[in-house]
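Printed here is upload_0.pdb (PDB, C-alpha atoms and all ligand atoms):
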MODEL        1
ATOM      1  CA  MET A   1     -17.060  10.064  -8.933  1.00  0.00           C
ATOM      2  CA  LYS A   2     -15.297  11.660  -6.018  1.00  0.00           C
ATOM      3  CA  CYS A   3     -11.853  10.783  -4.702  1.00  0.00           C
ATOM      4  CA  GLU A   4     -12.228   9.551  -1.142  1.00  0.00           C
ATOM      5  CA  PHE A   5      -8.762  10.747  -0.213  1.00  0.00           C
ATOM      6  CA  CYS A   6      -8.644  14.344  -1.478  1.00  0.00           C
ATOM      7  CA  GLY A   7     -12.322  14.893  -2.343  1.00  0.00           C
ATOM      8  CA  ASN A   8     -11.602  15.838  -5.945  1.00  0.00           C
ATOM      9  CA  ASP A   9     -14.537  15.344  -8.287  1.00  0.00           C
ATOM     10  CA  TYR A  10     -13.097  13.743 -11.426  1.00  0.00           C
ATOM     11  CA  ASP A  11     -14.840  11.984 -14.285  1.00  0.00           C
ATOM     12  CA  LYS A  12     -11.953   9.569 -14.744  1.00  0.00           C
ATOM     13  CA  ALA A  13     -11.812   8.453 -11.157  1.00  0.00           C
ATOM     14  CA  PHE A  14     -11.373   4.724 -10.693  1.00  0.00           C
ATOM     15  CA  GLU A  15     -12.330   2.148  -8.137  1.00  0.00           C
ATOM     16  CA  VAL A  16     -10.100  -0.138  -6.132  1.00  0.00           C
ATOM     17  CA  VAL A  17     -11.520  -3.102  -4.276  1.00  0.00           C
ATOM     18  CA  MET A  18      -9.393  -4.106  -1.343  1.00  0.00           C
ATOM     19  CA  ALA A  19     -10.380  -6.831   1.125  1.00  0.00           C
ATOM     20  CA  GLY A  20     -13.917  -6.629  -0.267  1.00  0.00           C
ATOM     21  CA  LYS A  21     -14.173  -2.879   0.318  1.00  0.00           C
ATOM     22  CA  ARG A  22     -14.676  -0.501  -2.575  1.00  0.00           C
ATOM     23  CA  HIS A  23     -12.615   2.676  -2.749  1.00  0.00           C
ATOM     24  CA  THR A  24     -12.741   5.512  -5.256  1.00  0.00           C
ATOM     25  CA  PHE A  25      -9.727   7.616  -6.228  1.00  0.00           C
ATOM     26  CA  ASP A  26      -8.887  10.222  -8.826  1.00  0.00           C
ATOM     27  CA  SER A  27      -5.208   9.291  -9.011  1.00  0.00           C
ATOM     28  CA  PHE A  28      -2.811   6.531  -8.115  1.00  0.00           C
ATOM     29  CA  GLU A  29      -1.108   8.910  -5.764  1.00  0.00           C
ATOM     30  CA  CYS A  30      -4.262   9.214  -3.685  1.00  0.00           C
ATOM     31  CA  ALA A  31      -4.821   5.454  -3.823  1.00  0.00           C
ATOM     32  CA  ILE A  32      -1.292   4.809  -2.609  1.00  0.00           C
ATOM     33  CA  HIS A  33      -1.554   7.362   0.187  1.00  0.00           C
ATOM     34  CA  SER A  34      -4.797   5.843   1.301  1.00  0.00           C
ATOM     35  CA  LEU A  35      -4.221   2.114   0.811  1.00  0.00           C
ATOM     36  CA  ALA A  36      -0.541   1.256   0.590  1.00  0.00           C
ATOM     37  CA  PRO A  37       0.930  -0.216   3.756  1.00  0.00           C
ATOM     38  CA  THR A  38       3.887   1.502   5.368  1.00  0.00           C
ATOM     39  CA  CYS A  39       7.198  -0.142   6.183  1.00  0.00           C
ATOM     40  CA  GLY A  40       7.377  -1.205   9.826  1.00  0.00           C
ATOM     41  CA  ASN A  41      10.980  -0.076   9.981  1.00  0.00           C
ATOM     42  CA  CYS A  42      11.466   3.079   7.900  1.00  0.00           C
ATOM     43  CA  GLY A  43       7.842   4.138   7.368  1.00  0.00           C
ATOM     44  CA  VAL A  44       8.067   4.416   3.581  1.00  0.00           C
ATOM     45  CA  ARG A  45       4.926   3.648   1.539  1.00  0.00           C
ATOM     46  CA  ILE A  46       5.182   0.178   0.022  1.00  0.00           C
ATOM     47  CA  VAL A  47       4.071   0.463  -3.574  1.00  0.00           C
ATOM     48  CA  GLY A  48       5.773  -2.561  -5.079  1.00  0.00           C
ATOM     49  CA  HIS A  49       6.356  -5.978  -3.618  1.00  0.00           C
ATOM     50  CA  GLY A  50       6.978  -5.770   0.066  1.00  0.00           C
ATOM     51  CA  LEU A  51       7.638  -8.305   2.744  1.00  0.00           C
ATOM     52  CA  GLU A  52       5.131  -9.249   5.376  1.00  0.00           C
ATOM     53  CA  HIS A  53       5.672 -10.772   8.763  1.00  0.00           C
ATOM     54  CA  ASP A  54       2.975 -11.166  11.408  1.00  0.00           C
ATOM     55  CA  GLY A  55       0.852  -8.450   9.827  1.00  0.00           C
ATOM     56  CA  THR A  56       3.724  -5.971   9.642  1.00  0.00           C
ATOM     57  CA  TYR A  57       5.004  -4.900   6.243  1.00  0.00           C
ATOM     58  CA  TYR A  58       8.550  -4.064   5.284  1.00  0.00           C
ATOM     59  CA  CYS A  59       9.685  -2.344   2.102  1.00  0.00           C
ATOM     60  CA  CYS A  60      12.747  -4.519   1.667  1.00  0.00           C
ATOM     61  CA  GLN A  61      14.791  -7.300   3.145  1.00  0.00           C
ATOM     62  CA  HIS A  62      17.112  -4.822   4.801  1.00  0.00           C
ATOM     63  CA  CYS A  63      14.288  -3.201   6.775  1.00  0.00           C
ATOM     64  CA  ALA A  64      12.848  -6.556   7.797  1.00  0.00           C
ATOM     65  CA  GLN A  65      16.228  -7.608   9.123  1.00  0.00           C
ATOM     66  CA  ALA A  66      16.751  -4.279  10.865  1.00  0.00           C
ATOM     67  CA  ALA A  67      13.458  -4.945  12.648  1.00  0.00           C
ATOM     68  CA  GLY A  68      14.738  -8.347  13.739  1.00  0.00           C
ATOM     69  CA  VAL A  69      12.834 -10.445  11.207  1.00  0.00           C
ATOM     70  CA  HIS A  70      14.742 -13.192   9.436  1.00  0.00           C
ATOM     71  CA  GLY A  71      13.985 -15.830   6.869  1.00  0.00           C
ATOM     72  CA  LEU A  72      11.586 -13.839   4.684  1.00  0.00           C
ATOM     73  CA  ASN A  73      13.603 -14.366   1.521  1.00  0.00           C
ATOM     74  CA  ASP A  74      10.956 -16.374  -0.283  1.00  0.00           C
ATOM     75  CA  ARG A  75       7.881 -14.659   1.011  1.00  0.00           C
ATOM     76  CA  LEU A  76       7.048 -11.883  -1.399  1.00  0.00           C
ATOM     77  CA  HIS A  77       3.394 -11.042  -1.268  1.00  0.00           C
TER      78      HIS A  77
HETATM   79 ZN    ZN A 101      -7.517  12.308  -4.882  1.00  0.00          ZN
HETATM   80 ZN    ZN A 102      11.682   0.165   4.957  1.00  0.00          ZN
ENDMDL
END

Can you turn what I pasted into structure tokens?
Amino acid sequence: MKCEFCGNDYDKAFEVVMAGKRHTFDSFECAIHSLAPTCGNCGVRIVGHGLEHDGTYYCCQHCAQAAGVHGLNDRLH
């Protein structure tokens, strides 16, 4: 099993299925770098619950508001 992000060949690599597509990684770090969305305001990788608005992700309420998005309080994805 080879990590699709860094190419490392590792026997404990794992698979992640996202939107019906299968991905193989050797570490969570590689999976996050490859799959995690980035905040539309500050660009940080969103690893936990983020906020989504019109296909754009934000790491927190503050960033969503800074980008002019309001009323996302209840919409954790
Ligand atoms: Zn890797
Ligand atoms: Zn942010």

* **ligand ZN 101 (chain A) neighbours within 7 Å using only C-alpha atoms and all ligand atoms, as a PyMOL selection string** => chain A and resi 3-8+25-27+30

* **Expected answer as a PyMOL selection string: residues within 6 Å of ligand ZN 102 (chain A), all atoms listed in the file** => chain A and resi 39+41-42+44+58-60+63

Contacts of Thr24 of chain A at 8 Å or less, counting all atoms listed in the file, minus same-chain residues fewer than 6 places along, as an mmCIF file with C-alpha atoms, in the frame of the given file?
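Written output follows (result-v1.cif):
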data_model
loop_
_atom_site.group_PDB
_atom_site.id
_atom_site.type_symbol
_atom_site.label_atom_id
_atom_site.label_comp_id
_atom_site.auth_asym_id
_atom_site.auth_seq_id
_atom_site.Cartn_x
_atom_site.Cartn_y
_atom_site.Cartn_z
ATOM 1 C CA MET A 1 -17.060 10.064 -8.933
ATOM 2 C CA LYS A 2 -15.297 11.660 -6.018
ATOM 3 C CA CYS A 3 -11.853 10.783 -4.702
ATOM 4 C CA GLU A 4 -12.228 9.551 -1.142
ATOM 5 C CA ALA A 13 -11.812 8.453 -11.157
ATOM 6 C CA PHE A 14 -11.373 4.724 -10.693
ATOM 7 C CA GLU A 15 -12.330 2.148 -8.137
ATOM 8 C CA VAL A 16 -10.100 -0.138 -6.132
#

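For the pair atom CA of Asp9 of chain A and atom CA of Ala36 of chain A, the interatomic distance is 21.8 Å.
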
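Atom CA of Gln65 of chain A is found 11.8 Å from atom CA of Glu52 of chain A.
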
* Enter the distance from atom CA of Val69 of chain A to atom CA of His49 of chain A, in Å, rounded to one decimal. => 16.8 Å

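Proximity ranking of A:Ala67, A:Ile32, A:Asp11, A:Gly20 relative to Ile46 of chain A places A:Ile32 first, based on all atoms listed in the file.
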